[in-house]
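Data block for run15.cif (mmCIF, C-alpha atoms):
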data_final
loop_
_atom_site.label_atom_id
_atom_site.label_comp_id
_atom_site.auth_asym_id
_atom_site.auth_seq_id
_atom_site.Cartn_x
_atom_site.Cartn_y
_atom_site.Cartn_z
CA MET A 88 14.05 -12.08 -8.31
CA GLU A 89 17.09 -10.46 -9.92
CA ILE A 90 17.34 -13.38 -12.35
CA LEU A 91 13.64 -13.02 -13.19
CA LEU A 92 13.96 -9.27 -13.78
CA SER A 93 17.03 -9.73 -15.96
CA ASP A 94 14.79 -11.16 -18.72
CA SER A 95 15.03 -8.31 -21.27
CA SER A 96 12.07 -9.67 -23.24
CA SER A 97 9.78 -9.03 -20.27
CA TYR A 98 11.36 -6.20 -18.24
CA LYS A 99 13.62 -3.20 -18.72
CA ILE A 100 15.19 -0.74 -16.28
CA LEU A 101 13.98 2.87 -16.45
CA SER A 102 16.20 5.87 -15.79
CA ARG A 103 13.41 7.76 -14.05
CA ASN A 104 10.13 7.04 -12.32
CA PRO A 105 7.26 7.29 -14.86
CA CYS A 106 4.63 7.65 -12.14
CA PRO A 107 3.96 11.43 -12.64
CA LYS A 108 3.71 10.99 -16.41
CA ILE A 109 1.35 7.99 -16.12
CA LEU A 110 -0.74 9.80 -13.48
CA LYS A 111 -1.19 12.71 -15.88
CA ALA A 112 -2.03 10.39 -18.78
CA VAL A 113 -4.62 8.45 -16.76
CA ARG A 114 -6.31 11.62 -15.50
CA SER A 115 -6.44 12.99 -19.06
CA ALA A 116 -7.80 9.74 -20.53
CA ILE A 117 -10.53 9.48 -17.89
CA SER A 118 -11.50 13.15 -18.28
CA ASN A 119 -11.76 12.82 -22.06
CA SER A 120 -13.67 9.52 -21.97
CA SER A 121 -17.41 9.05 -22.46
CA LEU A 122 -17.92 7.94 -18.84
CA ASP A 123 -20.41 9.88 -16.75
CA ASP A 124 -19.12 12.65 -14.49
CA SER A 125 -19.65 10.79 -11.22
CA THR A 126 -17.71 7.77 -12.51
CA LYS A 127 -14.91 10.02 -13.78
CA PHE A 128 -14.63 11.68 -10.37
CA ARG A 129 -14.53 8.29 -8.64
CA LEU A 130 -11.82 6.90 -10.92
CA LEU A 131 -9.47 9.90 -11.05
CA PRO A 132 -6.20 9.02 -9.27
CA SER A 133 -4.86 11.52 -6.78
CA LYS A 134 -1.53 10.11 -5.57
CA GLU A 135 1.79 9.18 -7.11
CA VAL A 136 2.15 5.69 -5.62
CA THR A 137 4.81 3.52 -7.24
CA PRO A 138 3.83 -0.18 -7.48
CA ARG A 139 6.18 -2.73 -5.94
CA ILE A 140 7.01 -6.25 -7.09
CA TYR A 141 7.59 -9.29 -4.91
CA GLY A 142 7.84 -13.00 -5.56
CA VAL A 143 5.88 -15.90 -4.09
CA PRO A 144 7.86 -19.16 -4.21
CA LYS A 145 6.27 -22.06 -6.11
CA ILE A 146 7.55 -24.67 -3.68
CA HIS A 147 5.76 -27.49 -5.50
CA LYS A 148 7.85 -26.97 -8.67
CA ALA A 149 11.45 -27.85 -9.48
CA ASN A 150 14.05 -25.25 -8.45
CA ILE A 151 11.31 -23.32 -6.61
CA PRO A 152 10.69 -20.54 -9.18
CA LEU A 153 9.04 -17.28 -8.14
CA ARG A 154 5.59 -16.13 -9.13
CA PRO A 155 6.05 -12.34 -9.69
CA ILE A 156 3.26 -10.24 -8.20
CA VAL A 157 3.02 -6.46 -8.63
CA ASP A 158 1.31 -4.64 -5.76
CA THR A 159 -0.65 -2.03 -7.75
CA ILE A 160 -2.94 -0.84 -4.95
CA GLY A 161 -3.02 2.95 -4.96
CA SER A 162 -1.11 3.23 -8.25
CA PRO A 163 -2.31 5.64 -10.99
CA THR A 164 -4.11 2.88 -12.92
CA TYR A 165 -5.47 0.83 -9.99
CA LYS A 166 -8.99 2.27 -9.69
CA LEU A 167 -9.41 2.42 -13.47
CA ALA A 168 -8.21 -1.18 -13.86
CA ALA A 169 -10.66 -2.39 -11.18
CA PHE A 170 -13.51 -0.53 -12.91
CA LEU A 171 -12.63 -1.96 -16.33
CA ALA A 172 -12.27 -5.47 -14.92
CA LYS A 173 -15.80 -5.31 -13.51
CA LEU A 174 -17.10 -3.79 -16.74
CA ILE A 175 -15.71 -6.41 -19.14
CA SER A 176 -15.78 -9.50 -16.89
CA PRO A 177 -19.23 -10.53 -18.27
CA LEU A 178 -17.44 -11.10 -21.59
CA VAL A 179 -15.49 -13.95 -19.99
CA GLY A 180 -16.84 -17.44 -19.34
CA ASN A 181 -19.21 -17.79 -22.28
CA SER A 182 -17.24 -20.54 -24.02
CA ASN A 183 -17.84 -24.28 -23.59
CA SER A 184 -14.33 -24.69 -22.20
CA PHE A 185 -14.73 -22.28 -19.28
CA ILE A 186 -14.61 -23.74 -15.76
CA LYS A 187 -15.64 -21.44 -12.92
CA ASP A 188 -14.45 -23.64 -10.04
CA SER A 189 -13.91 -27.25 -8.99
CA ASN A 190 -17.60 -27.68 -8.14
CA GLN A 191 -18.60 -26.93 -11.74
CA PHE A 192 -15.97 -29.38 -12.98
CA VAL A 193 -17.25 -32.11 -10.64
CA GLN A 194 -20.78 -31.57 -11.95
CA PHE A 195 -19.43 -31.98 -15.47
CA ILE A 196 -17.58 -35.28 -14.91
CA LYS A 197 -19.81 -37.00 -12.35
CA ASP A 198 -22.01 -38.72 -14.97
CA THR A 199 -19.25 -39.09 -17.59
CA LYS A 200 -17.97 -42.45 -18.80
CA LEU A 201 -14.73 -42.87 -20.73
CA ASP A 202 -13.91 -45.31 -23.49
CA PRO A 203 -10.85 -47.61 -23.17
CA GLN A 204 -8.81 -45.51 -25.62
CA ASP A 205 -9.46 -42.20 -23.80
CA THR A 206 -6.48 -40.60 -22.11
CA LEU A 207 -6.68 -37.87 -19.47
CA VAL A 208 -4.04 -35.17 -19.90
CA SER A 209 -3.35 -31.76 -18.42
CA PHE A 210 -1.93 -28.83 -20.40
CA ASP A 211 -0.63 -25.87 -18.37
CA VAL A 212 0.56 -22.54 -19.76
CA VAL A 213 4.04 -21.56 -18.58
CA SER A 214 3.89 -18.13 -16.85
CA LEU A 215 0.62 -17.13 -18.51
CA PHE A 216 0.35 -13.58 -17.14
CA THR A 217 3.81 -12.48 -18.26
CA LYS A 218 3.47 -14.25 -21.64
CA VAL A 219 0.11 -12.81 -22.70
CA THR A 220 1.02 -10.42 -25.52
CA ILE A 221 -0.37 -6.93 -25.02
CA LEU A 222 -0.79 -6.19 -28.74
CA ASP A 223 -2.84 -9.35 -29.35
CA SER A 224 -4.86 -8.80 -26.19
CA ILE A 225 -5.77 -5.25 -27.21
CA GLU A 226 -6.89 -6.41 -30.67
CA ILE A 227 -9.08 -9.10 -29.08
CA VAL A 228 -10.59 -6.60 -26.64
CA LYS A 229 -11.38 -4.20 -29.50
CA LEU A 230 -13.57 -6.89 -31.03
CA LYS A 231 -15.65 -7.08 -27.86
CA VAL A 232 -15.98 -3.49 -26.53
CA ASN A 233 -16.30 0.02 -27.97
CA GLU A 234 -13.26 2.07 -28.92
CA ASP A 235 -13.47 4.32 -25.86
CA ILE A 236 -13.29 1.44 -23.36
CA ALA A 237 -10.66 -0.34 -25.45
CA SER A 238 -8.39 2.73 -25.30
CA LEU A 239 -8.68 2.80 -21.48
CA VAL A 240 -7.83 -0.90 -21.33
CA GLU A 241 -4.80 -0.29 -23.55
CA LEU A 242 -3.63 2.54 -21.28
CA CYS A 243 -3.75 0.24 -18.25
CA LEU A 244 -1.96 -2.61 -20.03
CA ARG A 245 0.82 -0.35 -21.34
CA SER A 246 1.42 1.36 -17.99
CA THR A 247 2.91 -1.50 -15.97
CA PHE A 248 5.92 -0.34 -13.97
CA PHE A 249 7.20 -1.12 -10.49
CA ALA A 250 10.08 -0.70 -8.08
CA PHE A 251 12.38 -3.36 -6.69
CA GLN A 252 15.08 -2.43 -4.19
CA GLY A 253 15.19 1.17 -5.39
CA VAL A 254 15.30 0.36 -9.13
CA ILE A 255 12.36 1.23 -11.40
CA TYR A 256 11.37 -1.36 -14.01
CA GLU A 257 8.87 -1.40 -16.85
CA GLN A 258 7.11 -4.57 -17.93
CA VAL A 259 7.71 -4.74 -21.67
CA ASP A 260 5.01 -7.29 -22.46
CA GLY A 261 2.48 -9.41 -20.68
CA VAL A 262 0.10 -8.42 -17.89
CA ALA A 263 1.03 -8.00 -14.25
CA MET A 264 -0.29 -10.46 -11.71
CA GLY A 265 -1.63 -8.12 -9.02
CA SER A 266 -3.60 -5.80 -11.30
CA PRO A 267 -7.41 -6.26 -11.07
CA LEU A 268 -7.59 -6.21 -14.88
CA SER A 269 -5.01 -8.93 -15.55
CA PRO A 270 -7.11 -12.06 -14.83
CA VAL A 271 -9.88 -10.82 -17.13
CA ILE A 272 -7.46 -10.03 -19.94
CA ALA A 273 -5.69 -13.37 -19.50
CA ASN A 274 -9.02 -15.20 -19.72
CA ILE A 275 -10.10 -13.25 -22.82
CA PHE A 276 -6.76 -14.02 -24.45
CA MET A 277 -6.96 -17.74 -23.61
CA GLU A 278 -10.52 -18.03 -24.91
CA HIS A 279 -9.33 -16.60 -28.22
CA PHE A 280 -6.28 -18.88 -28.16
CA GLU A 281 -8.19 -22.09 -27.59
CA GLU A 282 -10.74 -21.18 -30.28
CA VAL A 283 -7.91 -20.81 -32.80
CA ALA A 284 -6.09 -23.91 -31.52
CA LEU A 285 -9.05 -26.28 -31.56
CA HIS A 286 -10.40 -25.16 -34.93
CA SER A 287 -7.03 -25.39 -36.70
CA PHE A 288 -6.22 -29.00 -35.72
CA PRO A 289 -7.94 -31.86 -37.61
CA LEU A 290 -8.56 -34.00 -34.53
CA LYS A 291 -10.57 -32.75 -31.57
CA PRO A 292 -10.36 -33.73 -27.89
CA LYS A 293 -13.40 -35.30 -26.30
CA TRP A 294 -13.39 -32.34 -23.96
CA TRP A 295 -11.20 -29.33 -23.24
CA LYS A 296 -11.92 -27.66 -19.90
CA ARG A 297 -9.86 -24.73 -18.71
CA TYR A 298 -9.49 -22.77 -15.48
CA MET A 299 -7.23 -19.77 -16.27
CA ASP A 300 -3.94 -21.44 -17.35
CA ASP A 301 -4.78 -24.97 -16.16
CA THR A 302 -6.51 -27.22 -18.73
CA ASN A 303 -8.01 -30.69 -18.34
CA VAL A 304 -8.36 -32.63 -21.59
CA CYS A 305 -9.75 -36.00 -22.56
CA TRP A 306 -7.88 -37.24 -25.66
CA PRO A 307 -9.30 -40.21 -27.62
CA HIS A 308 -6.84 -40.38 -30.57
CA GLY A 309 -3.78 -42.10 -29.13
CA LEU A 310 -0.48 -40.88 -27.66
CA ASP A 311 1.23 -40.22 -31.00
CA MET A 312 -1.43 -37.76 -32.12
CA LEU A 313 -1.47 -36.28 -28.61
CA GLU A 314 2.21 -35.39 -29.04
CA GLU A 315 1.40 -33.72 -32.38
CA PHE A 316 -1.45 -31.82 -30.74
CA HIS A 317 0.92 -30.64 -28.00
CA THR A 318 3.37 -29.37 -30.64
CA HIS A 319 0.49 -27.66 -32.42
CA LEU A 320 -0.49 -25.79 -29.25
CA ASN A 321 3.07 -24.54 -28.75
CA ASN A 322 3.31 -23.18 -32.30
CA ILE A 323 0.26 -20.90 -32.35
CA PHE A 324 1.72 -17.96 -30.39
CA PRO A 325 5.52 -17.75 -29.93
CA SER A 326 5.14 -16.59 -26.33
CA ILE A 327 2.64 -19.25 -25.21
CA THR A 328 4.15 -22.57 -24.18
CA PHE A 329 2.28 -25.51 -22.65
CA THR A 330 3.60 -28.21 -20.37
CA LYS A 331 1.93 -31.62 -20.56
CA GLU A 332 1.09 -34.09 -17.81
CA LEU A 333 -0.43 -37.50 -18.56
CA GLU A 334 -2.56 -39.51 -16.19
CA SER A 335 -0.59 -41.80 -13.88
CA ASN A 336 -2.07 -45.01 -12.47
CA ASN A 337 -5.40 -43.92 -13.95
CA ARG A 338 -5.30 -40.70 -11.92
CA LEU A 339 -4.89 -37.03 -12.79
CA SER A 340 -5.39 -33.88 -10.75
CA PHE A 341 -7.24 -30.75 -11.84
CA LEU A 342 -7.68 -27.81 -9.46
CA ASP A 343 -8.31 -29.48 -6.08
CA VAL A 344 -9.95 -32.57 -7.62
CA LEU A 345 -8.11 -35.87 -8.06
CA ILE A 346 -9.81 -37.68 -10.95
CA CYS A 347 -9.74 -41.48 -10.70
CA LYS A 348 -10.61 -43.70 -13.68
CA LYS A 349 -12.64 -46.76 -12.71
CA PRO A 350 -12.75 -50.11 -14.60
CA ASP A 351 -16.27 -49.42 -15.86
CA GLY A 352 -15.20 -46.09 -17.39
CA SER A 353 -16.79 -43.88 -14.76
CA LEU A 354 -14.77 -41.26 -12.92
CA GLY A 355 -14.27 -41.15 -9.18
CA ARG A 356 -13.16 -38.06 -7.30
CA GLN A 357 -11.05 -37.26 -4.28
CA VAL A 358 -9.85 -34.05 -2.70
CA TYR A 359 -6.42 -33.36 -4.18
CA ARG A 360 -3.61 -31.82 -2.16
CA LYS A 361 -0.16 -31.09 -3.53
CA THR A 362 2.78 -32.95 -2.04
CA THR A 363 3.86 -29.70 -0.36
CA HIS A 364 0.53 -29.32 1.45
CA THR A 365 1.13 -29.10 5.22
CA ASP A 366 -2.39 -29.44 6.66
CA LEU A 367 -1.76 -26.27 8.68
CA TYR A 368 -4.85 -24.38 9.80
CA LEU A 369 -5.80 -22.05 12.67
CA HIS A 370 -5.27 -23.58 16.08
CA SER A 371 -8.42 -23.88 18.17
CA SER A 372 -6.88 -21.74 20.94
CA SER A 373 -5.51 -19.04 18.61
CA HIS A 374 -6.65 -15.44 19.12
CA HIS A 375 -9.08 -15.33 16.19
CA HIS A 376 -12.80 -14.79 16.15
CA HIS A 377 -14.90 -17.90 16.55
CA SER A 378 -16.56 -17.31 13.16
CA GLN A 379 -13.17 -17.52 11.41
CA LYS A 380 -12.41 -20.91 12.95
CA VAL A 381 -15.88 -22.22 12.14
CA GLY A 382 -15.54 -20.81 8.61
CA ILE A 383 -12.44 -22.91 7.98
CA LEU A 384 -14.20 -26.09 9.11
CA LYS A 385 -17.24 -25.26 6.96
CA THR A 386 -15.02 -24.65 3.94
CA LEU A 387 -13.21 -27.97 4.35
CA ALA A 388 -16.44 -29.85 4.90
CA LEU A 389 -18.18 -28.17 1.94
CA ARG A 390 -15.28 -28.92 -0.39
CA ALA A 391 -15.21 -32.56 0.70
CA HIS A 392 -18.98 -32.81 0.28
CA ARG A 393 -18.89 -31.35 -3.23
CA ILE A 394 -15.95 -33.42 -4.42
CA CYS A 395 -16.12 -36.84 -2.69
CA LEU A 396 -18.04 -36.82 0.58
CA ARG A 397 -14.90 -37.81 2.45
CA CYS A 398 -12.62 -35.51 4.44
CA ALA A 399 -9.70 -35.88 6.82
CA PHE A 400 -7.43 -33.19 8.24
CA LYS A 401 -5.32 -32.34 11.26
CA LEU A 402 -4.39 -29.09 12.99
CA VAL A 403 -0.77 -28.21 13.74
CA SER A 404 1.03 -24.94 14.38
CA THR A 405 1.87 -22.56 11.54
CA ILE A 406 5.20 -20.83 10.87
CA LYS A 407 3.73 -18.14 8.60
CA ARG A 408 3.86 -15.51 11.34
CA HIS A 409 7.61 -16.09 11.72
CA ALA A 410 8.41 -15.43 8.03
CA PRO A 411 9.65 -11.95 7.01
CA PRO A 412 7.41 -9.83 4.75
CA LEU A 413 7.86 -10.35 1.01
CA LYS A 414 7.24 -6.78 -0.14
CA ASP A 415 9.63 -3.86 -0.19
CA THR A 416 8.78 -1.33 2.51
CA ARG A 417 6.96 1.70 1.16
CA ASP A 418 8.00 5.26 2.01
CA ALA A 419 5.45 6.50 4.58
CA PHE A 420 5.40 9.96 2.98
CA SER A 421 4.11 8.51 -0.31
CA GLU A 422 0.83 7.55 1.36
CA SER A 423 -2.15 9.43 2.77
CA GLY A 424 -3.45 9.84 6.31
CA VAL A 425 -3.15 12.11 9.36
CA TYR A 426 -0.05 14.16 10.16
CA LYS A 427 1.35 16.66 12.68
CA ILE A 428 3.44 19.77 11.95
CA VAL A 429 5.00 21.71 14.84
CA CYS A 430 5.91 25.40 14.90
CA SER A 431 9.25 26.53 16.35
CA CYS A 432 7.24 27.81 19.35
CA GLY A 433 6.12 24.25 20.05
CA THR A 434 2.48 24.61 18.97
CA PRO A 435 1.31 21.72 16.78
CA TYR A 436 -0.97 21.64 13.77
CA ILE A 437 -2.99 18.50 12.95
CA GLY A 438 -4.05 17.78 9.38
CA GLU A 439 -5.28 15.05 7.10
CA THR A 440 -4.84 14.47 3.38
CA GLY A 441 -6.09 12.11 0.72
CA HIS A 442 -3.02 12.95 -1.36
CA SER A 443 0.44 11.82 -0.35
CA PHE A 444 2.00 13.42 2.73
CA MET A 445 4.81 14.78 0.54
CA THR A 446 2.32 16.51 -1.77
CA ARG A 447 0.53 18.09 1.21
CA ILE A 448 3.82 19.32 2.71
CA LYS A 449 4.65 21.01 -0.60
CA GLU A 450 1.25 22.73 -0.54
CA HIS A 451 1.84 23.98 3.01
CA SER A 452 5.29 25.24 2.00
CA ALA A 453 3.82 27.23 -0.92
CA ASP A 454 1.09 28.73 1.30
CA ILE A 455 3.65 29.83 3.88
CA LYS A 456 6.02 31.22 1.25
CA HIS A 457 3.30 33.33 -0.37
CA GLU A 458 1.69 34.25 2.98
CA ARG A 459 -1.75 32.84 2.11
CA ALA A 460 -3.16 33.49 5.56
CA LEU A 461 -6.79 33.04 4.52
CA LYS A 462 -6.08 29.67 2.98
CA SER A 463 -3.81 28.13 5.59
CA ALA A 464 -3.71 28.26 9.40
CA LEU A 465 0.02 27.54 9.23
CA ALA A 466 0.56 30.44 6.83
CA GLU A 467 -1.48 32.74 9.06
CA HIS A 468 0.56 31.80 12.16
CA SER A 469 3.86 32.18 10.29
CA THR A 470 2.90 35.55 8.81
CA THR A 471 1.63 36.93 12.13
CA THR A 472 4.40 35.67 14.44
CA LYS A 473 7.32 35.27 11.99
CA HIS A 474 7.91 31.85 13.57
CA HIS A 475 9.49 29.02 11.65
CA ILE A 476 7.11 26.20 10.69
CA CYS A 477 9.07 22.96 10.96
CA LEU A 478 7.81 21.27 7.81
CA GLU A 479 11.01 19.23 7.65
CA ASP A 480 9.99 17.51 10.90
CA THR A 481 6.47 16.56 9.81
CA GLN A 482 5.29 13.50 11.74
CA VAL A 483 2.99 10.85 10.27
CA LEU A 484 0.41 10.01 12.95
CA CYS A 485 -1.33 7.31 10.94
CA ARG A 486 -1.76 6.11 7.38
CA GLU A 487 -5.35 5.84 6.19
CA ASN A 488 -6.90 5.82 2.68
CA ASN A 489 -10.56 5.73 3.73
CA PHE A 490 -11.98 9.28 3.80
CA PHE A 491 -14.34 8.89 6.78
CA LYS A 492 -11.85 6.93 8.89
CA ARG A 493 -9.22 9.55 8.12
CA LYS A 494 -11.55 12.34 9.32
CA VAL A 495 -12.26 10.45 12.53
CA LYS A 496 -8.57 9.89 13.22
CA GLU A 497 -7.83 13.56 12.53
CA ALA A 498 -10.51 14.60 15.03
CA ILE A 499 -9.05 12.22 17.62
CA ALA A 500 -5.57 13.67 17.12
CA ILE A 501 -6.92 17.23 17.47
CA ILE A 502 -8.56 16.30 20.78
CA GLN A 503 -5.30 14.77 21.98
CA HIS A 504 -3.44 18.01 21.09
CA PRO A 505 -5.72 20.64 22.65
CA SER A 506 -3.33 23.61 22.26
CA ASN A 507 -3.01 23.63 18.50
CA LEU A 508 -3.07 25.92 15.47
CA ASN A 509 -6.17 24.33 13.94
CA ARG A 510 -9.06 26.66 13.15
CA ASP A 511 -11.66 23.98 13.94
CA ASP A 512 -11.95 20.57 15.61
CA GLY A 513 -12.54 18.68 12.37
CA LEU A 514 -15.22 16.00 12.48
CA ASN A 515 -17.63 16.44 15.39
CA LEU A 516 -17.06 13.42 17.62
CA SER A 517 -19.41 12.29 20.37
CA ILE A 518 -18.34 13.26 23.88
CA SER A 519 -18.55 9.57 24.77
CA TRP A 520 -15.18 9.18 23.03
CA HIS A 521 -13.38 11.49 25.43
CA PRO A 522 -12.67 9.04 28.32
CA LEU A 523 -11.13 6.58 25.91
CA LEU A 524 -9.10 9.29 24.17
CA LEU A 525 -7.81 10.59 27.49
CA ALA A 526 -6.79 7.07 28.48
CA LEU A 527 -4.94 6.64 25.19
CA GLN A 528 -3.23 9.97 25.75
CA ARG A 529 -1.95 8.79 29.14
CA HIS A 530 -0.82 5.46 27.65
CA PRO A 531 0.00 6.19 23.99
CA ARG A 532 0.20 3.36 21.49
CA PRO A 533 2.65 3.25 18.57
CA PRO A 534 1.22 4.49 15.26
CA PRO A 535 -0.12 1.80 12.87
#
What does this structure look like when you write it as structure tokens?
Amino acid sequence: MEILLSDSSSYKILSRNPCPKILKAVRSAISNSSLDDSTKFRLLPSKEVTPRIYGVPKIHKANIPLRPIVDTIGSPTYKLAAFLAKLISPLVGNSNSFIKDSNQFVQFIKDTKLDPQDTLVSFDVVSLFTKVTILDSIEIVKLKVNEDIASLVELCLRSTFFAFQGVIYEQVDGVAMGSPLSPVIANIFMEHFEEVALHSFPLKPKWWKRYMDDTNVCWPHGLDMLEEFHTHLNNIFPSITFTKELESNNRLSFLDVLICKKPDGSLGRQVYRKTTHTDLYLHSSSHHHHSQKVGILKTLALRAHRICLRCAFKLVSTIKRHAPPLKDTRDAFSESGVYKIVCSCGTPYIGETGHSFMTRIKEHSADIKHERALKSALAEHSTTTKHHICLEDTQVLCRENNFFKRKVKEAIAIIQHPSNLNRDDGLNLSISWHPLLLALQRHPRPPP
């Protein structure tokens, strides 16, 4: 990962965390946009959550490179990026080259016959997400959407930052795998790319079918011209480089389909699995719901039915649960949920917040300092008794982003701490909960 992040053309180290600045910019951009008020309210970020990067090993490739993924959930641009992705996704997939999934590709080739001179070849973009140029992507988006939406897209694309082992990085160019907007932008960019590429070369492939960065091509003009076409593809954008794979023994894989050329020119199909595939699935006696186990069998059977009508698999144990987590641990106080603050007299206060715990603690501190008794139960108790409120010992009871679940968990915690400083019991829970809550109080479980 350190080698990957040392690429100065893609990443640079920042001296300070830009999260507060980006949060302010996103809130301002949304407020000043032409979106309706309810949408603005839904998209406004409320927490300063710093994205984290981690790498997934590509074990099927030489030297096992990492696929960098940025965990943007909860970040200042996350909700806006998800909204924009849904808004502009209908603009993707309208070209003749677009392939939605392997089933659509099978439908395309099942009645196709090749000529003797036709060669099957695969062109794959090297590290597509990090090589998509932001400037070009923004110009392409501006041709498809209004200026207001385009400016919001630009804000999301130019606000990619993340932490790795305590160091803050900014992504200089490209889009981050992990953002909801990135796949849409990558597809829009590639549709523009292939339109330029195919129209600017004198010879055309018999077909060019693409799924994201993976392209299946039928080339009828001989291997020498295929090499020239490959060079042509690599010279259109400096950042975009294609690898090439020719058919071997009349076979070539695309997605999870193994295409097999027959003597009569027709194309057979098999389910394709990479050489690193382990055939590991849920064990029949594992502690999972029955529907999950059946779902796996249905998925395997449906894929086999759609591709070739033949299927074979075996079940063995999995080692995934023994592997350490890939992501950096996140500071609990940067998230939202339910918390407990205790006075020096031992009386607790239970609260919940949709902001970060750290932000809420600062708010409590200001209320106590300025003796805002009407606003805060903690401030009222401190002002009346002159006791010390132990904000420095705030305890996170649980982390929860969902508003209703957070209210329920707060009410449960209040019931479990009957002698408290709270002015009310929070959400009104049914009395049928009480036996369970009392049992949990006698046998407490560790917080999630």
Near range 349-362 of chain A, 12 Å: range 205-303 of chain A residue rows, closest pairs, all atoms listed in the file, as CSV:
residue,atom,partner,partner_atom,distance
A:Asp205,CA,A:Gly352,CA,9.4
A:Thr206,CA,A:Gly352,CA,11.3
A:Leu207,CA,A:Leu354,CA,10.9
Go ahead and save the residues from that selection, with C-alpha atoms, as a short mmCIF file (atom, residue, chain, number, x, y, z; two decimals), in the coordinates of the input.
data_model
loop_
_atom_site.label_atom_id
_atom_site.label_comp_id
_atom_site.auth_asym_id
_atom_site.auth_seq_id
_atom_site.Cartn_x
_atom_site.Cartn_y
_atom_site.Cartn_z
CA ASP A 205 -9.46 -42.20 -23.80
CA THR A 206 -6.48 -40.60 -22.11
CA LEU A 207 -6.68 -37.87 -19.47
#
Pick from A:Val179, A:Ala284, A:Cys243, A:Ile225: nearest to Phe316 in chain A, with all atoms listed in the file counted?
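Answer, going by the shortest atom-to-atom distance: A:Ala284.
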Report as a compact mmCIF listing (two decimals) with C-alpha atoms, in the frame of the given file the full result of the PyMOL selection byres ((chain A and resi 177) around 12) when it is applied to this structure.
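The resulting file, out_27.txt, is shown below:
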# COMPACT_ATOMS: atom_id res chain seq x y z
CA LEU A 171 -12.63 -1.96 -16.33
CA ALA A 172 -12.27 -5.47 -14.92
CA LYS A 173 -15.80 -5.31 -13.51
CA LEU A 174 -17.10 -3.79 -16.74
CA ILE A 175 -15.71 -6.41 -19.14
CA SER A 176 -15.78 -9.50 -16.89
CA LEU A 178 -17.44 -11.10 -21.59
CA VAL A 179 -15.49 -13.95 -19.99
CA GLY A 180 -16.84 -17.44 -19.34
CA ASN A 181 -19.21 -17.79 -22.28
CA SER A 182 -17.24 -20.54 -24.02
CA LYS A 231 -15.65 -7.08 -27.86
CA VAL A 232 -15.98 -3.49 -26.53
CA VAL A 271 -9.88 -10.82 -17.13
CA ILE A 272 -7.46 -10.03 -19.94
CA ASN A 274 -9.02 -15.20 -19.72
CA ILE A 275 -10.10 -13.25 -22.82
Selection dump of the PyMOL selection byres ((chain A and resi 288-294) around 9), as an MDAnalysis selection string:
chainID A and resid 184 205 283:287 295:296 303:308 312 316 319
Any idea what the distance is between CA of Pro505 in chain A and CA of Ile437 in chain A?
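It comes out at 10.3 Å.
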Convert the output of the PyMOL selection byres ((chain A and resi 451) around 12) on the shown file into explicit residues, formatted as a VMD selection string.
chain A and resid 428 436 438 440 444 to 450 452 to 460 462 to 467 469 476 to 479 481
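Across the model, the gap from CA of Ser443 in chain A to CA of Asn515 in chain A is 24.4 Å.
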